[in-house]
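File shown: run-v8.txt (compact mmCIF, C-alpha atoms and all ligand atoms).
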```
# COMPACT_ATOMS: atom_id res chain seq x y z
CA MET A 450 110.92 132.85 101.55
CA ALA A 451 113.80 130.74 100.17
CA GLN A 452 113.00 127.03 100.06
CA PRO A 453 115.51 124.49 101.43
CA PRO A 454 117.39 122.50 98.78
CA GLY A 455 115.75 119.16 98.16
CA ILE A 456 112.19 120.32 98.59
CA HIS A 457 111.41 119.79 94.88
CA ALA A 458 112.22 116.11 95.24
CA ARG A 459 109.93 115.82 98.30
CA ARG A 460 107.09 117.66 96.57
CA ALA A 461 107.45 115.30 93.61
CA ALA A 462 107.48 112.28 95.95
CA LEU A 463 104.22 113.52 97.46
CA LYS A 464 102.68 113.81 93.98
CA LEU A 465 103.81 110.25 93.15
CA LEU A 466 102.35 108.82 96.35
CA ASP A 467 99.12 110.71 95.83
CA ALA A 468 98.77 109.52 92.20
CA VAL A 469 99.24 105.87 93.19
CA LEU A 470 97.14 105.79 96.35
CA ARG A 471 94.31 108.16 95.40
CA ARG A 472 94.10 107.79 91.64
CA GLY A 473 95.31 104.20 91.21
CA GLU A 474 98.05 105.20 88.73
CA THR A 475 101.25 103.19 88.33
CA LEU A 476 104.46 104.87 89.52
CA GLU A 477 105.57 104.89 85.88
CA GLN A 478 102.37 106.62 84.71
CA ALA A 479 102.60 109.16 87.54
CA GLU A 480 106.22 110.09 86.85
CA GLY A 481 105.55 112.24 83.78
CA ALA A 482 103.48 114.82 85.64
CA ALA A 483 105.04 114.43 89.09
CA LEU A 484 108.67 114.83 88.04
CA ARG A 485 108.12 117.56 85.44
CA GLU A 486 109.35 120.38 87.66
CA VAL A 487 112.31 118.45 89.05
CA ARG A 488 115.31 119.38 86.96
CA LYS A 489 118.23 117.40 88.35
CA THR A 490 118.49 113.66 87.68
CA PRO A 491 119.59 112.82 91.29
CA ASP A 492 116.51 114.68 92.59
CA LYS A 493 114.26 112.66 90.27
CA ALA A 494 115.88 109.46 91.55
CA LEU A 495 115.42 110.64 95.15
CA ALA A 496 111.72 111.38 94.58
CA ARG A 497 111.22 107.90 93.11
CA ALA A 498 113.14 106.27 95.96
CA ILE A 499 111.15 108.08 98.67
CA ALA A 500 107.78 107.23 97.08
CA SER A 501 108.84 103.62 96.45
CA GLU A 502 109.97 103.08 100.04
CA ALA A 503 106.78 104.70 101.38
CA LEU A 504 104.75 102.25 99.24
CA ARG A 505 106.90 99.23 100.14
CA TRP A 506 106.53 99.89 103.90
CA LEU A 507 103.10 101.60 103.83
CA VAL A 508 101.32 99.28 106.26
CA ASP A 509 104.15 99.51 108.82
CA LEU A 510 104.53 103.28 108.43
CA ASP A 511 100.78 103.73 108.93
CA GLY A 512 100.95 101.52 112.01
CA LEU A 513 103.63 103.78 113.51
CA ILE A 514 101.69 106.94 112.62
CA ASP A 515 98.58 105.52 114.32
CA THR A 516 100.47 104.88 117.57
CA ALA A 517 101.35 108.57 117.76
CA THR A 518 97.99 110.21 116.93
CA LYS A 519 94.99 110.50 119.26
CA GLN A 520 92.46 110.45 116.42
CA ARG A 521 93.14 108.22 113.42
CA LEU A 522 94.12 110.33 110.41
CA PRO A 523 92.11 109.40 107.26
CA ASP A 524 94.09 107.30 104.75
CA ASP A 525 94.27 110.10 102.18
CA ALA A 526 94.76 113.03 104.59
CA LYS A 527 97.69 115.17 103.52
CA PRO A 528 99.50 115.06 106.91
CA ARG A 529 99.40 111.23 106.72
CA MET A 530 100.79 111.31 103.16
CA VAL A 531 103.62 113.64 104.24
CA LEU A 532 104.35 111.61 107.39
CA ARG A 533 104.66 108.44 105.28
CA LEU A 534 107.32 110.19 103.20
CA MET A 535 109.09 111.57 106.29
CA LEU A 536 109.26 108.19 108.00
CA ALA A 537 110.31 106.36 104.82
CA GLN A 538 113.31 108.70 104.61
CA ALA A 539 114.25 108.56 108.29
CA LEU A 540 113.73 104.81 108.79
CA GLN A 541 114.59 103.33 105.39
CA LEU A 542 116.74 105.83 103.47
CA ASN A 543 118.86 106.95 106.46
CA THR A 544 118.07 110.64 106.01
CA PRO A 545 118.89 112.54 109.25
CA PRO A 546 115.65 113.62 111.03
CA HIS A 547 116.56 117.33 110.94
CA ALA A 548 116.95 117.13 107.13
CA VAL A 549 113.60 115.34 106.88
CA ILE A 550 111.93 118.07 108.93
CA ALA A 551 113.55 120.89 106.92
CA THR A 552 112.53 119.46 103.55
CA CYS A 553 109.13 117.91 104.26
CA LEU A 554 107.32 120.18 106.71
CA PRO A 555 107.16 123.01 104.10
CA LEU A 556 104.78 120.69 102.19
CA LEU A 557 102.19 121.45 104.92
CA SER A 558 101.04 124.56 106.74
CA GLY A 559 99.11 125.54 109.87
CA GLY A 560 97.58 122.80 112.03
CA PRO A 561 98.52 119.87 109.73
CA ARG A 562 102.13 121.03 109.80
CA ARG A 563 102.22 121.19 113.59
CA LEU A 564 100.57 117.77 113.73
CA ALA A 565 103.10 116.16 111.37
CA HIS A 566 105.98 117.78 113.26
CA GLY A 567 104.65 116.46 116.59
CA VAL A 568 104.04 112.90 115.31
CA PHE A 569 107.41 112.67 113.59
CA SER A 570 109.31 114.03 116.62
CA THR A 571 107.49 111.66 118.98
CA LEU A 572 108.35 108.64 116.81
CA MET A 573 111.98 109.72 116.48
CA LYS A 574 112.27 110.15 120.28
CA GLN A 575 110.81 106.67 120.73
CA SER A 576 113.43 105.30 118.28
CA ALA A 577 110.64 103.89 116.12
CA ALA A 578 111.88 101.19 113.73
CA LEU A 579 110.59 99.04 110.87
CA PRO A 580 110.36 95.23 111.08
CA ASP A 581 112.74 92.96 109.12
CA ALA A 582 110.21 92.49 106.29
CA PRO A 583 107.36 94.76 105.20
CA THR A 584 103.85 93.87 106.39
CA LEU A 585 101.73 93.29 103.28
CA PRO A 586 98.23 94.74 102.87
CA GLY A 587 95.53 92.30 104.03
CA ARG A 588 94.04 91.63 100.61
CA VAL A 589 97.48 90.81 99.21
CA ILE A 590 98.11 88.32 102.03
CA ALA A 591 94.73 86.75 101.29
CA ARG A 592 95.65 86.33 97.61
CA TRP A 593 99.21 85.06 98.05
CA GLY A 594 98.36 82.73 100.95
CA GLU A 595 101.24 80.65 102.23
CA LEU A 596 103.73 82.37 99.90
CA ALA A 597 103.01 85.83 101.34
CA GLN A 598 105.55 85.67 104.17
CA SER A 599 108.37 84.53 101.94
CA ILE A 600 107.52 87.12 99.26
CA ALA A 601 107.47 89.83 101.95
CA ARG A 602 111.00 88.87 103.01
CA GLY A 603 112.11 89.13 99.38
CA LEU A 604 110.54 92.58 99.22
CA ALA A 605 112.44 94.10 102.12
CA GLU A 606 115.07 95.73 99.90
CA PRO A 607 114.98 97.03 96.34
CA PRO A 608 116.53 94.39 94.04
CA GLU A 609 120.04 94.11 92.63
CA VAL A 610 120.50 94.73 88.90
CA ASP A 611 120.41 91.82 86.46
CA LEU A 612 121.95 91.95 83.02
CA ALA A 613 121.19 89.66 80.07
CA LEU A 614 124.30 89.01 77.99
CA LYS A 615 124.25 89.10 74.20
CA HIS A 616 126.80 86.26 74.01
CA PRO A 617 125.90 83.62 76.64
CA SER A 618 128.92 81.55 75.57
CA ALA A 619 131.17 84.28 77.05
CA THR A 620 129.35 84.45 80.40
CA SER A 621 132.33 83.63 82.65
CA GLN A 622 134.66 86.19 81.06
CA GLN A 623 131.97 88.88 81.07
CA ALA A 624 131.01 88.21 84.68
CA VAL A 625 134.65 88.82 85.65
CA ALA A 626 134.85 92.02 83.58
CA LEU A 627 131.57 93.29 85.08
CA GLU A 628 132.55 92.19 88.63
CA ALA A 629 129.21 90.39 88.58
CA VAL A 630 127.78 87.13 89.88
CA SER A 631 126.25 84.85 87.25
CA LEU A 632 123.34 82.56 88.16
CA MET A 633 123.01 80.93 84.73
CA PRO A 634 124.61 81.18 81.28
CA GLY A 635 123.74 84.55 79.76
CA HIS A 636 123.08 86.17 83.14
CA ALA A 637 125.11 88.60 85.28
CA ARG A 638 124.06 90.31 88.54
CA VAL A 639 125.61 93.57 89.77
CA PRO A 640 124.85 95.40 93.04
CA ARG A 641 121.97 97.89 93.03
CA GLY A 642 123.13 101.47 92.67
CA THR A 643 125.80 100.45 90.13
CA ALA A 644 126.24 103.17 87.48
CA ILE A 645 125.07 101.00 84.61
CA GLU A 646 126.33 103.29 81.84
CA ASN A 647 129.87 103.01 83.19
CA LEU A 648 129.99 99.20 83.08
CA PRO A 649 132.17 97.67 80.36
CA GLY A 650 130.20 96.76 77.24
CA PHE A 651 127.38 99.29 77.71
CA SER A 652 128.09 101.39 74.62
CA GLU A 653 129.00 98.26 72.63
CA GLY A 654 125.57 96.83 73.51
CA ASP A 655 127.02 93.62 74.97
CA TRP A 656 124.15 93.32 77.47
CA TRP A 657 120.86 94.86 78.57
CA VAL A 658 119.12 95.21 81.94
CA GLN A 659 116.61 92.41 82.55
CA ASP A 660 115.66 90.51 85.70
CA ILE A 661 116.77 86.87 85.65
CA ALA A 662 113.14 85.69 85.84
CA ALA A 663 112.33 87.75 82.74
CA GLN A 664 115.23 86.10 80.92
CA LEU A 665 113.69 82.65 81.24
CA PRO A 666 110.76 82.77 78.75
CA ALA A 667 112.96 83.42 75.69
CA LYS A 668 115.63 81.00 76.94
CA LEU A 669 112.99 78.23 77.06
CA LEU A 670 112.55 78.50 73.27
CA GLY A 671 116.18 77.44 72.71
CA ALA A 672 118.26 78.22 69.62
CA GLY A 673 116.44 79.71 66.63
CA GLU A 674 118.76 78.66 63.79
CA GLY A 675 117.14 81.23 61.53
CA ARG A 676 113.56 80.08 62.18
CA HIS A 677 110.68 82.58 62.60
CA ALA A 678 109.51 83.63 66.04
CA LEU A 679 106.69 86.01 66.90
CA ASP A 680 107.26 88.05 70.05
CA LEU A 681 103.66 89.06 70.72
CA CYS A 682 103.50 92.03 73.13
CA ALA A 683 107.21 92.66 72.67
CA ALA A 684 108.05 96.16 73.87
CA PRO A 685 110.36 97.45 75.32
CA GLY A 686 112.03 94.39 73.87
CA GLY A 687 114.02 92.50 76.50
CA LYS A 688 112.75 89.18 75.20
CA THR A 689 113.07 90.23 71.55
CA LEU A 690 116.78 90.86 72.17
CA SER A 691 117.23 87.43 73.77
CA LEU A 692 115.42 85.70 70.90
CA ALA A 693 117.40 87.61 68.27
CA SER A 694 120.70 86.80 70.01
CA ALA A 695 119.67 83.11 70.11
CA GLY A 696 119.36 83.13 66.30
CA TRP A 697 115.61 83.60 65.83
CA ALA A 698 114.25 85.78 63.01
CA VAL A 699 111.94 87.80 65.25
CA THR A 700 108.75 89.68 64.43
CA ALA A 701 108.33 91.98 67.45
CA LEU A 702 104.76 93.23 67.73
CA ASP A 703 103.41 95.78 70.19
CA ILE A 704 100.51 98.23 70.27
CA SER A 705 102.39 101.04 72.03
CA LYS A 706 104.25 103.51 69.85
CA ARG A 707 106.30 104.84 72.77
CA ARG A 708 107.31 101.39 73.98
CA LEU A 709 108.06 100.19 70.44
CA GLY A 710 110.39 103.22 70.16
CA LEU A 711 112.31 101.88 73.17
CA LEU A 712 112.48 98.46 71.48
CA LYS A 713 113.98 100.04 68.36
CA ASP A 714 116.51 101.94 70.52
CA ASN A 715 117.46 98.67 72.21
CA LEU A 716 117.97 96.93 68.86
CA LYS A 717 120.16 99.80 67.72
CA ARG A 718 122.31 99.80 70.87
CA THR A 719 122.86 96.05 70.80
CA GLY A 720 123.25 95.76 67.02
CA LEU A 721 120.69 92.94 67.00
CA THR A 722 118.09 92.54 64.27
CA ALA A 723 114.33 92.04 64.50
CA SER A 724 111.27 93.28 62.60
CA PRO A 725 109.26 95.64 64.81
CA VAL A 726 105.54 95.88 64.01
CA ARG A 727 103.21 98.39 65.57
CA ALA A 728 99.77 96.79 65.66
CA ASP A 729 96.92 95.68 67.88
CA ALA A 730 97.32 91.93 68.35
CA LEU A 731 93.53 91.69 68.58
CA SER A 732 93.09 92.72 64.93
CA TRP A 733 96.50 92.08 63.27
CA GLU A 734 96.83 89.24 60.74
CA PRO A 735 100.27 87.72 60.03
CA LYS A 736 101.48 87.02 56.48
CA HIS A 737 102.86 83.60 57.47
CA LEU A 738 102.80 81.12 60.35
CA PHE A 739 105.56 80.94 62.98
CA ASP A 740 107.91 78.25 64.29
CA ALA A 741 107.64 79.77 67.76
CA ILE A 742 105.43 82.30 69.54
CA LEU A 743 106.23 84.02 72.80
CA LEU A 744 103.20 85.64 74.40
CA ASP A 745 104.54 87.79 77.23
CA ALA A 746 101.06 88.93 78.00
CA PRO A 747 99.93 92.21 79.55
CA CYS A 748 99.26 91.48 83.21
CA THR A 749 98.90 93.05 86.65
CA ALA A 750 102.71 92.89 87.01
CA THR A 751 102.49 92.04 90.72
CA GLY A 752 105.66 89.95 90.26
CA THR A 753 107.63 93.18 89.90
CA CYS A 754 106.61 94.38 93.39
CA ARG A 755 110.25 94.73 94.52
CA ARG A 756 110.82 97.41 91.88
CA HIS A 757 107.25 98.67 91.61
CA PRO A 758 105.74 98.48 95.10
CA ASP A 759 102.71 100.45 93.84
CA VAL A 760 101.25 97.09 92.70
CA LEU A 761 100.80 96.14 96.36
CA HIS A 762 98.18 98.87 96.71
CA ARG A 763 96.63 99.26 93.24
CA ILE A 764 95.78 95.74 92.18
CA GLY A 765 92.52 94.09 93.18
CA GLU A 766 90.07 91.51 91.83
CA ARG A 767 88.76 93.86 89.12
CA GLN A 768 92.19 94.50 87.57
CA ILE A 769 93.02 90.79 87.69
CA ALA A 770 89.74 89.80 85.98
CA GLU A 771 90.31 92.38 83.20
CA MET A 772 93.76 90.98 82.50
CA VAL A 773 92.56 87.38 82.51
CA ASP A 774 90.04 88.21 79.76
CA LEU A 775 92.63 90.03 77.64
CA GLN A 776 95.21 87.24 78.07
CA ARG A 777 92.68 84.64 76.91
CA THR A 778 91.71 86.65 73.85
CA LEU A 779 95.37 87.13 72.93
CA MET A 780 96.05 83.41 73.37
CA GLN A 781 93.06 82.48 71.19
CA ARG A 782 94.63 84.48 68.37
CA ALA A 783 98.23 83.35 68.97
CA VAL A 784 97.46 79.62 68.68
CA GLU A 785 96.09 80.20 65.16
CA TRP A 786 99.46 81.53 64.02
CA LEU A 787 101.64 78.54 65.00
CA LYS A 788 103.04 76.08 62.46
CA PRO A 789 102.29 72.42 63.24
CA GLY A 790 104.99 71.36 65.71
CA GLY A 791 105.73 75.00 66.58
CA SER A 792 106.50 76.00 70.17
CA LEU A 793 104.41 78.35 72.28
CA ILE A 794 105.43 80.10 75.48
CA TYR A 795 102.93 81.89 77.70
CA ALA A 796 104.50 84.19 80.30
CA VAL A 797 103.31 86.82 82.79
CA CYS A 798 105.20 88.82 85.43
CA SER A 799 102.31 88.27 87.82
CA LEU A 800 102.04 86.43 91.12
CA GLU A 801 98.30 85.86 90.70
CA ARG A 802 97.11 82.28 90.13
CA GLU A 803 94.32 83.51 87.87
CA GLU A 804 96.85 84.95 85.41
CA GLY A 805 99.34 82.10 85.73
CA GLU A 806 98.50 78.55 86.82
CA ASP A 807 94.77 78.88 86.06
CA GLN A 808 95.47 80.26 82.59
CA ALA A 809 97.91 77.44 81.79
CA ALA A 810 95.33 74.85 82.85
CA TRP A 811 92.72 76.60 80.66
CA ILE A 812 95.10 76.74 77.64
CA THR A 813 95.91 73.02 78.01
CA ARG A 814 92.16 72.17 78.08
CA GLU A 815 91.06 74.59 75.39
CA PHE A 816 93.50 74.16 72.47
CA ALA A 817 95.09 71.39 70.39
CA LEU A 818 98.44 71.86 72.11
CA ARG A 819 100.72 69.35 73.75
CA SER A 820 102.40 70.38 77.02
CA ALA A 821 106.19 70.65 76.73
CA PRO A 822 107.23 70.48 80.40
CA VAL A 823 110.23 72.54 81.49
CA ALA A 824 113.11 70.44 82.87
CA GLU A 825 115.06 71.39 85.97
CA ASP A 826 118.32 71.73 84.02
CA GLU A 827 116.75 74.49 81.90
CA LEU A 828 116.49 76.68 85.02
CA PRO A 829 119.08 78.40 87.26
CA VAL A 830 120.38 76.21 90.10
CA GLY A 831 117.97 76.49 93.04
CA LEU A 832 114.79 76.67 90.94
CA ALA A 833 112.65 73.71 89.95
CA PRO A 834 109.61 73.37 87.67
CA THR A 835 106.18 72.62 89.15
CA ALA A 836 104.71 69.12 88.96
CA GLU A 837 103.01 70.20 85.70
CA GLY A 838 106.33 71.29 84.18
CA TRP A 839 105.52 74.99 84.53
CA VAL A 840 107.79 77.66 86.00
CA ARG A 841 106.63 79.71 88.97
CA THR A 842 109.06 82.23 90.47
CA HIS A 843 108.51 84.78 93.25
CA PRO A 844 110.69 87.32 95.10
CA GLY A 845 111.14 85.01 98.09
CA MET A 846 113.04 82.43 95.98
CA LEU A 847 116.85 82.29 95.73
CA PRO A 848 117.08 84.35 98.96
CA ASP A 849 120.84 83.89 99.35
CA GLN A 850 121.51 85.12 95.83
CA GLY A 851 119.34 88.26 96.10
CA GLY A 852 115.94 86.94 94.95
CA LEU A 853 114.19 87.40 91.61
CA ASP A 854 110.96 88.78 90.17
CA GLY A 855 107.72 86.82 90.16
CA PHE A 856 106.95 85.14 86.83
CA PHE A 857 104.76 82.36 85.54
CA ILE A 858 105.90 80.55 82.39
CA ALA A 859 104.48 77.52 80.55
CA ARG A 860 105.38 75.86 77.23
CA TRP A 861 103.44 73.86 74.64
CA VAL A 862 103.97 72.42 71.17
CA ALA A 863 101.28 72.73 68.46
CA ALA A 864 99.77 69.37 67.49
C1 LIG B 901 104.49 92.54 79.73
S1 LIG B 901 104.68 93.83 78.60
C2 LIG B 901 105.85 93.18 77.46
C3 LIG B 901 107.29 93.20 77.89
C4 LIG B 901 108.24 92.72 76.79
N1 LIG B 901 107.88 91.40 76.32
C5 LIG B 901 109.70 92.70 77.20
O1 LIG B 901 110.24 91.65 77.49
O2 LIG B 901 110.33 93.77 77.21
C6 LIG B 901 103.16 93.75 77.70
C7 LIG B 901 103.10 94.57 76.42
O3 LIG B 901 101.85 94.28 75.79
C8 LIG B 901 101.51 95.37 74.97
N2 LIG B 901 100.10 95.22 74.59
C9 LIG B 901 99.00 95.33 75.37
N3 LIG B 901 97.88 95.10 74.65
C10 LIG B 901 98.29 94.82 73.38
C11 LIG B 901 97.60 94.53 72.17
N4 LIG B 901 96.27 94.45 72.13
N5 LIG B 901 98.33 94.31 71.05
C12 LIG B 901 99.69 94.38 71.08
N6 LIG B 901 100.39 94.68 72.20
C13 LIG B 901 99.70 94.90 73.33
C14 LIG B 901 101.85 96.55 75.86
O4 LIG B 901 102.06 97.73 75.09
C15 LIG B 901 103.13 96.08 76.56
O5 LIG B 901 104.28 96.59 75.92
```
Please express what this file holds, its structure, as C-alpha cells.
Amino acid sequence: MAQPPGIHARRAALKLLDAVLRRGETLEQAEGAALREVRKTPDKALARAIASEALRWLVDLDGLIDTATKQRLPDDAKPRMVLRLMLAQALQLNTPPHAVIATCLPLLSGGPRRLAHGVFSTLMKQSAALPDAPTLPGRVIARWGELAQSIARGLAEPPEVDLALKHPSATSQQAVALEAVSLMPGHARVPRGTAIENLPGFSEGDWWVQDIAAQLPAKLLGAGEGRHALDLCAAPGGKTLSLASAGWAVTALDISKRRLGLLKDNLKRTGLTASPVRADALSWEPKHLFDAILLDAPCTATGTCRRHPDVLHRIGERQIAEMVDLQRTLMQRAVEWLKPGGSLIYAVCSLEREEGEDQAAWITREFALRSAPVAEDELPVGLAPTAEGWVRTHPGMLPDQGGLDGFFIARWVAA
C-alpha cells in the first residue's frame, strides 16, 4: 500500500522520541540513526521539530492523553509515544488534524491504532489546548526551585537565532544589513526560521551562530593584543572564534575529532586563525604557560533546554555528579597552566547549581586565584552580575528581547 507523503518524517520523529525517553540519548546523538532514511532536508527539519515540541510539552501532552484514556497508558507504550507526536503537531505546530491522522496512524496497527485514533479525535473535539508555558517535570522543578516558573515561560517557544559578529566595532551597520536587533556590541539577533545561509556576510564569514549567553565567556577576557589564550574544551569553536577575533593567539584543544573538524571548518569560513589541538585535557601537557585560559567545561547542558528540550527528561542527579567530578579534574589541570597574573574563565551552559555556583565557590577556596568580579557594564543591558561578581543567565531572563540560554560564568586572576 502506498504511504502518505510525510510519513518518513513522522517515523523518524518517533525514533528520536524513543531514543531520548527510553535510551537516555541526546537528540543530537539520536539523529544519526533516526534520520538516516529521511532523504529531504525539510523532512529532517520536520522530524526534529516534532520530536522537540513533544519533549518541550511532554508533561502537558501526557496530561491531555490521560484525560482521554480509561486506563493509564504506560510511559513508554507505543500508542502514547505516537499520541505525543500527534498532539505536538496539532497543538504546537499547527498541522491540520486530518494530516496528523493520515501521517501518524500508519505508525501503529490493530488495537493501538484504534486507541490512538479515538484519543486524538476526542481531544480534538474537545478543543484541547496547551497552557501558556510548558509544565516542567517534577524533578526539574525541584532542582530549579523559584526560577522554574520563569524558565518555563522562557521555554514556551524555540529561541530566535543569535549571531556573533567578527567585527564588533561594525555592529550597528551589520545589524541594519542583517535586519537584526543587537543586544550588545558584537551581537545580532534574527527571527527563528531565518534562512541563515542567505543572510549577508555568510559566505564571507562575517559572523557565526552563537547564543548571546555563549558569547559572554570569551568577551569577559577582553582584547588579546597577541597574547596566548588556551580554549580548553573548544569545539565546535564558537568561543575560539570570538577569542581569535579579539586578538588572542588561541590554542583550541578538544578531545573529539568530529567536533574539532567543525572547529577547523569554522576557522576556514571566517578566515580567523587559531591552533587546533586534538588531545585529552586530562593527559595533555602544554609547551608553555598561558596569559588566559577559558574552560568551557563539558556539562549537562540544561541551559540549552530551549533548543534541546531532551535535557528536561534525561538529566538527573547521576549525570550532574559525573559532570561535577570531570569539571573539577579539568580545573585542577587548567590552573597549573596559567602565567602569574593570567586570567581564568570557568563557564558551563548548565542551570544546575552544582555545576555553576557551587563549583565557583569550590574553585575560589581550592586554588591560589583571586576573584575578578564581572561588572554590570560588561554585560548586555538588562543583565547584572551576582553579589559574588559571577554571571548567571537563564531562559526566563530578557523576556521582552526573546530570552537567552542558561549559562554560569566566573572569572579569576592567577596570584
Ligand atoms: C561545552 S562543549 C564546548 C563548546 C565550545 N567551547 C564552543 O564554544 O563551541 C565541551 C567540549 O568538551 C570536550 N571535552 C570533553 N572532555 C574532554 C577532555 N577530557 N579533553 C578535551 N576536551 C574534552 C567535548 O568534546 C566538547 O566539545
- Quick one: residues within 8 Å of segment 470-478 of chain A, only C-alpha atoms counted, chain neighbours fewer than 2 positions away excluded, as a list in words?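 Answer for this query is Leu465, Leu466, Asp467, Ala468, Glu480, Gly481, Asp525, His757, Asp759, Val760, His762 and Arg763 of chain A.
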- Query: Within 8 Å of ligand LIG 901 (chain B), counting all atoms listed in the file, which protein or nucleic acid residues do you find, written as an MDAnalysis selection string?
  - Reply: chainID A and resid 663 680:689 702:705 708:709 712 727:731 744:748 750 775 779 797:798
- Would you list the residues near (122.1, 98.5, 70.8), meaning any protein, DNA or RNA residue with an atom at most 10 Å from that point in file coordinates, counting all atoms listed in the file, as a ChimeraX atom specification? /A:651-657,690,712-722
- Calculate how many Å separate atom CA of Lys493 of chain A from atom CA of Ala537 of chain A, rounding to one decimal.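 Those two atoms sit 16.3 Å apart.
Non-sequential neighbours of segment 845-851 of chain A (distance at most 10 Å, separation of 6 or more positions within a chain, only C-alpha atoms) are Leu596, Ala597, Gln598, Ser599, Ile600, Ala601, Arg602, Gly603, Leu604, Glu606, Pro607, Pro608, Glu609, Val610, Val630, Ser631, Leu632, Arg638, Pro640, Pro829, Val830, Gly831 and Leu832 of chain A.
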